[in-house]
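K.L.:
Sending over a structure as structure tokens; questions will come in a sec.
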Amino acid sequence: METKTTFTPHPELPPPANTVGAVGWLRANLFSSPANSLLTLFALYLLWLLLPPALEWLLFKATWSGTTRADCAPGGACWVFIKMRFGQFMYGFFPEPERWRVNLAWILAVLGILPLLGKRNPLRLPAAVFMLFVYPLIAFVLFSGGFGLAPVETSQWGGLMLTLVIAVVGIAGALPGGILLALGRRSKMPVIKTICVTFIEFWRGVPLITVLFMSSVMLPLFLPEGMSFDKLLRALIGVILFQSAYMAEVVRGGLQAIPKGQYEAADALGLSYPKAMGLVILPQALKLVIPGIVNTLIALFKDTSLVIIIGLFDLLNSIHAATVDPNWLGMSTEGYVFAALMFWLFCFGMSQYSQWLERRLHTGHKR
Amino acid sequence: MTHSFRRTAGAALALLATTGIAHAGATLDAVKKNGFVKCGVSDGLPGFSYTDDKGNVVGIDADFCRAVAAAVFGDATKVKFTPLTAKERFTALQSGEVDVLSRNSTWTSSRDTALGLNFAGVTYYDGQGFLVNKKLGVKSAKELDGASVCIQAGTTTELNLADYFRSNKMKFTPITYDKSDESAKALEAGRCDFLTSDQSQLYAQRIKFANPDEFVVLPEVISKEPLGPAVRHGDDEWFDIVKWTLFAQLNAEELGITSKNVDEMVKSATNPDAKRLLGTEGERGKDFGLANDWVVKVVKQVGNYGEMFERNVGEGSALKIKRGQNALWNQGGLQYAPPFR
């Protein structure tokens, strides 16, 4: 008689109860040592102190509906103020019947950028050409008028729209400017090198607030009487010059990180300088410094609020201006909380985009 | 650094001011050519110039610019407002970015001379005052001996207060704060007995309190802050127009001409002063290079001085500032306009 033995594996034992599930997670992450336990308890205590009053003010006791200051209950935030002024926070003094133009410009921007996000999209090239060469013109016409649209002066631009205009134009101007300056600084031609070094060191050496102040207060004094050009344009040029110097140093960091062999290999292939840079060096260098570039961009986005000192009404200044309306005095906390939220949303968005970009482009160097 | 910078800026301004900017009347011609008056206002001061829910620039400073536009064009809407920060304001006027600076600026000798400005009068007599809790039962600043005061650190208000108390042989305990919002909160919480700042600011602070009626602004004013519109040196004709726009508004109030009754007054006025002011007698408008009925347009569209005051900072506004020093001279105030003849 044959005995058949079949291997019946012992059913796997479950892991110890205190290493899985919620308990396990808590033990591993919050209470792994006495010191960590103490810190966890302390953090919980802080949250318990801060969170309930904050939530109460922000949400539970806040007033959401109404039209005047009198509708607001004491003890909570008065979001009515934000609601009533929302149009101004978004568009500044842009005439109300024309505000669709601003919306249209942003919608076009989003539509133009979407195809660029896909990896192998047949629309990528046309979309890139559109965004680089056609879109700026369309946006300019939509914002300032012409071709049958009512003209809107830049002094009427404001709010989030102005913040975005300064940030986007600043970024679009500073990135190519910075790359050129970085290449110039590493150039072997002494004149170009000196010019670039001088430019970078000068603009990095002055605070942005001084640049803006000079552009708005001193520059008009040096121009002949009657000749004045747009205040916003002056500020934009200042921002671009200033940021391109910073961008140049970030890009130079990337250029220096590329091993010498890459340069030599490009030369050995007989590539001309533009081709060697454009095909071999820059794609690697820029990829390396994405965190640095995004850092600069986020800083630039937040720096836009400095235009407050030259009387341009960006998001922050529009909010500030609204808080001095006698009908809404005492609403500054609500206003600044709203401003913080808007700035955080945009900066967080940029940071997320950069991380996504890094993941997509990781080809080798990842550790 | 700030000092040398200021000196350089001042020198540059003075240079511009003295090198003869324009021949007389150039500003009026330029304004007429543009089709609007370029008016510099503040970047936000309750009652003086700020933007309302609909995005209109309102306030007494803004209204004065509307009055100038009404004088020049007969249309008070032909103004382009440029919000200016405190640092930019004088450069903007010098460089021609604005034609009138109506931005709660104090009239001082150095601004009149070194900065090359001409102040066209006083639209608001401001000055440092006191805000106290009614519970204290104080009726006059003279009763504040030994009181504690909430004050902003390092401001001229602090020095003025010290001078005032010393000259009245009184003592006070200062509690300093960095921002005006903080000192107002401190007064509301009862951490001090009174608050001192420019009077127009005190009224604005009071609105922020949960119970504004528990606080009162005392009648005493211990410093001089005459706020008025300014134009640049070198164009007397434009200076005259701006100056007399304000005087016309004051004279209109004195003669009882308001935006409501001005049309009737044009027809029925018998008082020779009123007839000259409204242009029904004589050709006074021509002297300014304006239409003969320019005052009618100013009063009809913007109102006389009293209307302008009440609407923006007085009883008709949230600020509820009393006329006080800003009442007409024949009603115990300081507002006095030369005769229109």
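Ligands are numbered from 1 in the order shown, residues from 1 within each chain, and chains are lettered A, B, ... in the order they appear in the structure tokens.
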Find the residues of chain B in contact range of chain A, meaning any atom within 9 Å when counting only C-alpha atoms, and list them as a ChimeraX atom specification.

P.N.:
/B:9,12-13,16,21,42-47,49-56,81-89,91-92,94-97,181,204-205,207-210,317-319

K.L.:
If you keep C-alpha atoms, can you produce a file of those selected residues as a tab-separated table (two decimals), in the first residue's frame?

P.N.:
chain	number	residue	atom	x	y	z
B	9	ALA	CA	16.36	112.63	-4.49
B	12	ALA	CA	17.09	115.92	-8.21
B	13	LEU	CA	13.59	117.16	-7.48
B	16	LEU	CA	13.73	119.65	-11.94
B	21	ILE	CA	9.36	122.91	-16.29
B	42	SER	CA	-3.52	107.55	-1.70
B	43	ASP	CA	-3.28	103.80	-1.82
B	44	GLY	CA	-6.08	103.66	0.72
B	45	LEU	CA	-7.09	105.87	3.63
B	46	PRO	CA	-10.61	105.66	5.06
B	47	GLY	CA	-12.67	108.69	4.11
B	49	SER	CA	-9.43	108.04	-0.91
B	50	TYR	CA	-10.17	104.35	-1.15
B	51	THR	CA	-11.99	102.00	-3.51
B	52	ASP	CA	-15.54	100.96	-2.81
B	53	ASP	CA	-17.17	97.58	-3.54
B	54	LYS	CA	-17.67	98.56	-7.16
B	55	GLY	CA	-14.12	99.67	-7.74
B	56	ASN	CA	-14.82	103.41	-7.74
B	81	PHE	CA	-6.87	108.32	-10.56
B	82	THR	CA	-3.36	107.07	-9.86
B	83	PRO	CA	-2.90	105.49	-6.44
B	84	LEU	CA	0.48	106.56	-5.06
B	85	THR	CA	2.45	105.41	-2.06
B	86	ALA	CA	3.73	107.99	0.39
B	87	LYS	CA	7.23	107.70	-1.09
B	88	GLU	CA	6.22	108.07	-4.70
B	89	ARG	CA	3.76	110.90	-4.41
B	91	THR	CA	8.04	112.39	-7.72
B	92	ALA	CA	4.85	111.47	-9.52
B	94	GLN	CA	7.17	116.41	-10.46
B	95	SER	CA	7.54	114.00	-13.36
B	96	GLY	CA	4.12	114.87	-14.71
B	97	GLU	CA	2.61	111.49	-13.96
B	181	ASP	CA	-4.28	98.12	14.85
B	204	ALA	CA	-11.44	105.23	11.55
B	205	GLN	CA	-10.04	103.24	14.49
B	207	ILE	CA	-15.29	101.96	13.66
B	208	LYS	CA	-13.21	98.83	14.15
B	209	PHE	CA	-14.36	98.42	17.76
B	210	ALA	CA	-17.15	96.03	18.62
B	317	SER	CA	-20.24	108.45	6.07
B	318	ALA	CA	-19.27	105.61	8.36
B	319	LEU	CA	-16.58	107.80	9.95

K.L.:
Write out as a list of chain:residue names which residues come within 12 Å of Gly137 (chain B) when counting only C-alpha atoms, dropping same-chain ones fewer than 3 positions away.

P.N.:
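With the cut-off at 12 Å, the set is B:Val132, B:Asn133, B:Lys134, B:Ser140, B:Ala141, B:Glu143, B:Leu144, B:Asp193, B:Phe194, B:Glu214, B:Phe215, B:Val216, B:Leu218.
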
K.L.:
In Å, rounded to a single decimal, give me how far CA of Leu357 (chain A) is from CA of Ala109 (chain A).

P.N.:
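Computing it gives 18.7 Å between the two atoms.
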
K.L.:
DSSP on the backbone: what in region 212-269 of chain B comes out strand (DSSP E), as a list in words?

P.N.:
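After running DSSP on the backbone, region 212-269 of chain B has strand (DSSP E) at Phe215, Val216, Val217, Glu225, Pro226, Leu227, Gly228, Pro229, Ala230, Val231 and Arg232 of chain B.
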
K.L.:
Find the residues of region 189-229 of chain B that sit at most 12 Å from region 161-176 of chain B; for each, write down the nearest two atoms and how far apart they are in Å, to one decimal. Count only C-alpha atoms. Sort by chain, then by number going up, and give it as CSV.

P.N.:
residue,atom,partner,partner_atom,distance
B:Gly190,CA,B:Ile175,CA,11.8
B:Arg191,CA,B:Ile175,CA,8.5
B:Cys192,CA,B:Ile175,CA,7.4
B:Asp193,CA,B:Thr173,CA,9.6
B:Phe194,CA,B:Pro174,CA,10.0
B:Leu195,CA,B:Ile175,CA,9.8
B:Thr196,CA,B:Leu161,CA,7.9
B:Ser197,CA,B:Leu161,CA,9.4
B:Asp198,CA,B:Leu161,CA,11.4
B:Glu220,CA,B:Tyr164,CA,10.7
B:Val221,CA,B:Tyr164,CA,10.1
B:Ile222,CA,B:Tyr164,CA,6.9
B:Ser223,CA,B:Leu161,CA,9.1

K.L.:
Restricting the output to all heavy atoms, write the selected residues as a compact mmCIF listing (two decimals), in the first residue's frame.

P.N.:
# COMPACT_ATOMS: atom_id res chain seq x y z
N GLY B 190 -9.07 97.60 27.22
CA GLY B 190 -8.94 98.30 28.48
C GLY B 190 -7.54 98.30 29.04
O GLY B 190 -7.33 98.55 30.22
N ARG B 191 -6.53 98.05 28.19
CA ARG B 191 -5.17 98.03 28.69
C ARG B 191 -4.61 99.44 28.86
O ARG B 191 -3.55 99.63 29.43
CB ARG B 191 -4.28 97.20 27.76
CG ARG B 191 -3.99 95.83 28.32
CD ARG B 191 -3.32 94.95 27.32
NE ARG B 191 -4.31 94.27 26.48
CZ ARG B 191 -4.06 93.76 25.29
NH1 ARG B 191 -2.86 93.86 24.78
NH2 ARG B 191 -5.00 93.15 24.60
N CYS B 192 -5.28 100.43 28.31
CA CYS B 192 -4.85 101.80 28.53
C CYS B 192 -6.10 102.68 28.59
O CYS B 192 -7.19 102.25 28.21
CB CYS B 192 -3.91 102.26 27.42
SG CYS B 192 -4.55 101.96 25.79
N ASP B 193 -5.91 103.92 29.03
CA ASP B 193 -7.06 104.80 29.21
C ASP B 193 -7.42 105.54 27.94
O ASP B 193 -8.59 105.82 27.69
CB ASP B 193 -6.76 105.83 30.31
CG ASP B 193 -6.54 105.15 31.64
OD1 ASP B 193 -7.23 104.15 31.89
OD2 ASP B 193 -5.67 105.60 32.41
N PHE B 194 -6.41 105.91 27.15
CA PHE B 194 -6.74 106.62 25.92
C PHE B 194 -5.73 106.31 24.83
O PHE B 194 -4.70 105.68 25.05
CB PHE B 194 -6.89 108.12 26.16
CG PHE B 194 -5.59 108.84 26.45
CD1 PHE B 194 -4.95 109.56 25.45
CD2 PHE B 194 -5.02 108.81 27.71
CE1 PHE B 194 -3.77 110.23 25.70
CE2 PHE B 194 -3.84 109.48 27.97
CZ PHE B 194 -3.21 110.20 26.97
N LEU B 195 -6.08 106.75 23.63
CA LEU B 195 -5.28 106.47 22.45
C LEU B 195 -5.06 107.80 21.76
O LEU B 195 -5.95 108.65 21.75
CB LEU B 195 -6.10 105.55 21.54
CG LEU B 195 -5.49 105.04 20.25
CD1 LEU B 195 -4.52 103.94 20.57
CD2 LEU B 195 -6.58 104.49 19.36
N THR B 196 -3.87 108.00 21.21
CA THR B 196 -3.66 109.27 20.52
C THR B 196 -3.09 109.03 19.12
O THR B 196 -2.27 108.15 18.92
CB THR B 196 -2.75 110.22 21.33
OG1 THR B 196 -2.57 111.41 20.58
CG2 THR B 196 -1.41 109.59 21.62
N SER B 197 -3.60 109.79 18.16
CA SER B 197 -3.18 109.68 16.77
C SER B 197 -3.84 110.86 16.04
O SER B 197 -4.54 111.65 16.66
CB SER B 197 -3.64 108.35 16.18
OG SER B 197 -3.28 108.26 14.83
N ASP B 198 -3.65 110.96 14.72
CA ASP B 198 -4.35 112.00 13.99
C ASP B 198 -5.85 111.77 14.11
O ASP B 198 -6.32 110.64 14.05
CB ASP B 198 -3.93 112.00 12.52
CG ASP B 198 -2.57 112.62 12.33
OD1 ASP B 198 -2.05 113.20 13.30
OD2 ASP B 198 -2.01 112.53 11.22
N GLU B 220 -9.93 118.35 21.95
CA GLU B 220 -8.61 118.96 21.82
C GLU B 220 -7.83 118.42 20.63
O GLU B 220 -7.85 117.24 20.33
CB GLU B 220 -7.76 118.73 23.08
CG GLU B 220 -8.00 119.72 24.17
CD GLU B 220 -9.18 119.29 25.03
OE1 GLU B 220 -9.79 118.26 24.71
OE2 GLU B 220 -9.48 120.00 26.01
N VAL B 221 -7.12 119.33 19.98
CA VAL B 221 -6.21 118.96 18.90
C VAL B 221 -4.86 119.56 19.24
O VAL B 221 -4.75 120.76 19.49
CB VAL B 221 -6.71 119.50 17.56
CG1 VAL B 221 -5.72 119.19 16.46
CG2 VAL B 221 -8.06 118.91 17.20
N ILE B 222 -3.82 118.73 19.30
CA ILE B 222 -2.55 119.24 19.82
C ILE B 222 -1.46 119.37 18.76
O ILE B 222 -0.33 119.68 19.08
CB ILE B 222 -2.04 118.37 20.98
CG1 ILE B 222 -1.76 116.94 20.51
CG2 ILE B 222 -3.03 118.35 22.12
CD1 ILE B 222 -0.98 116.14 21.52
N SER B 223 -1.76 119.13 17.49
CA SER B 223 -0.75 119.39 16.47
C SER B 223 -1.44 119.87 15.20
O SER B 223 -2.64 119.67 15.03
CB SER B 223 0.09 118.14 16.18
OG SER B 223 -0.66 117.24 15.40
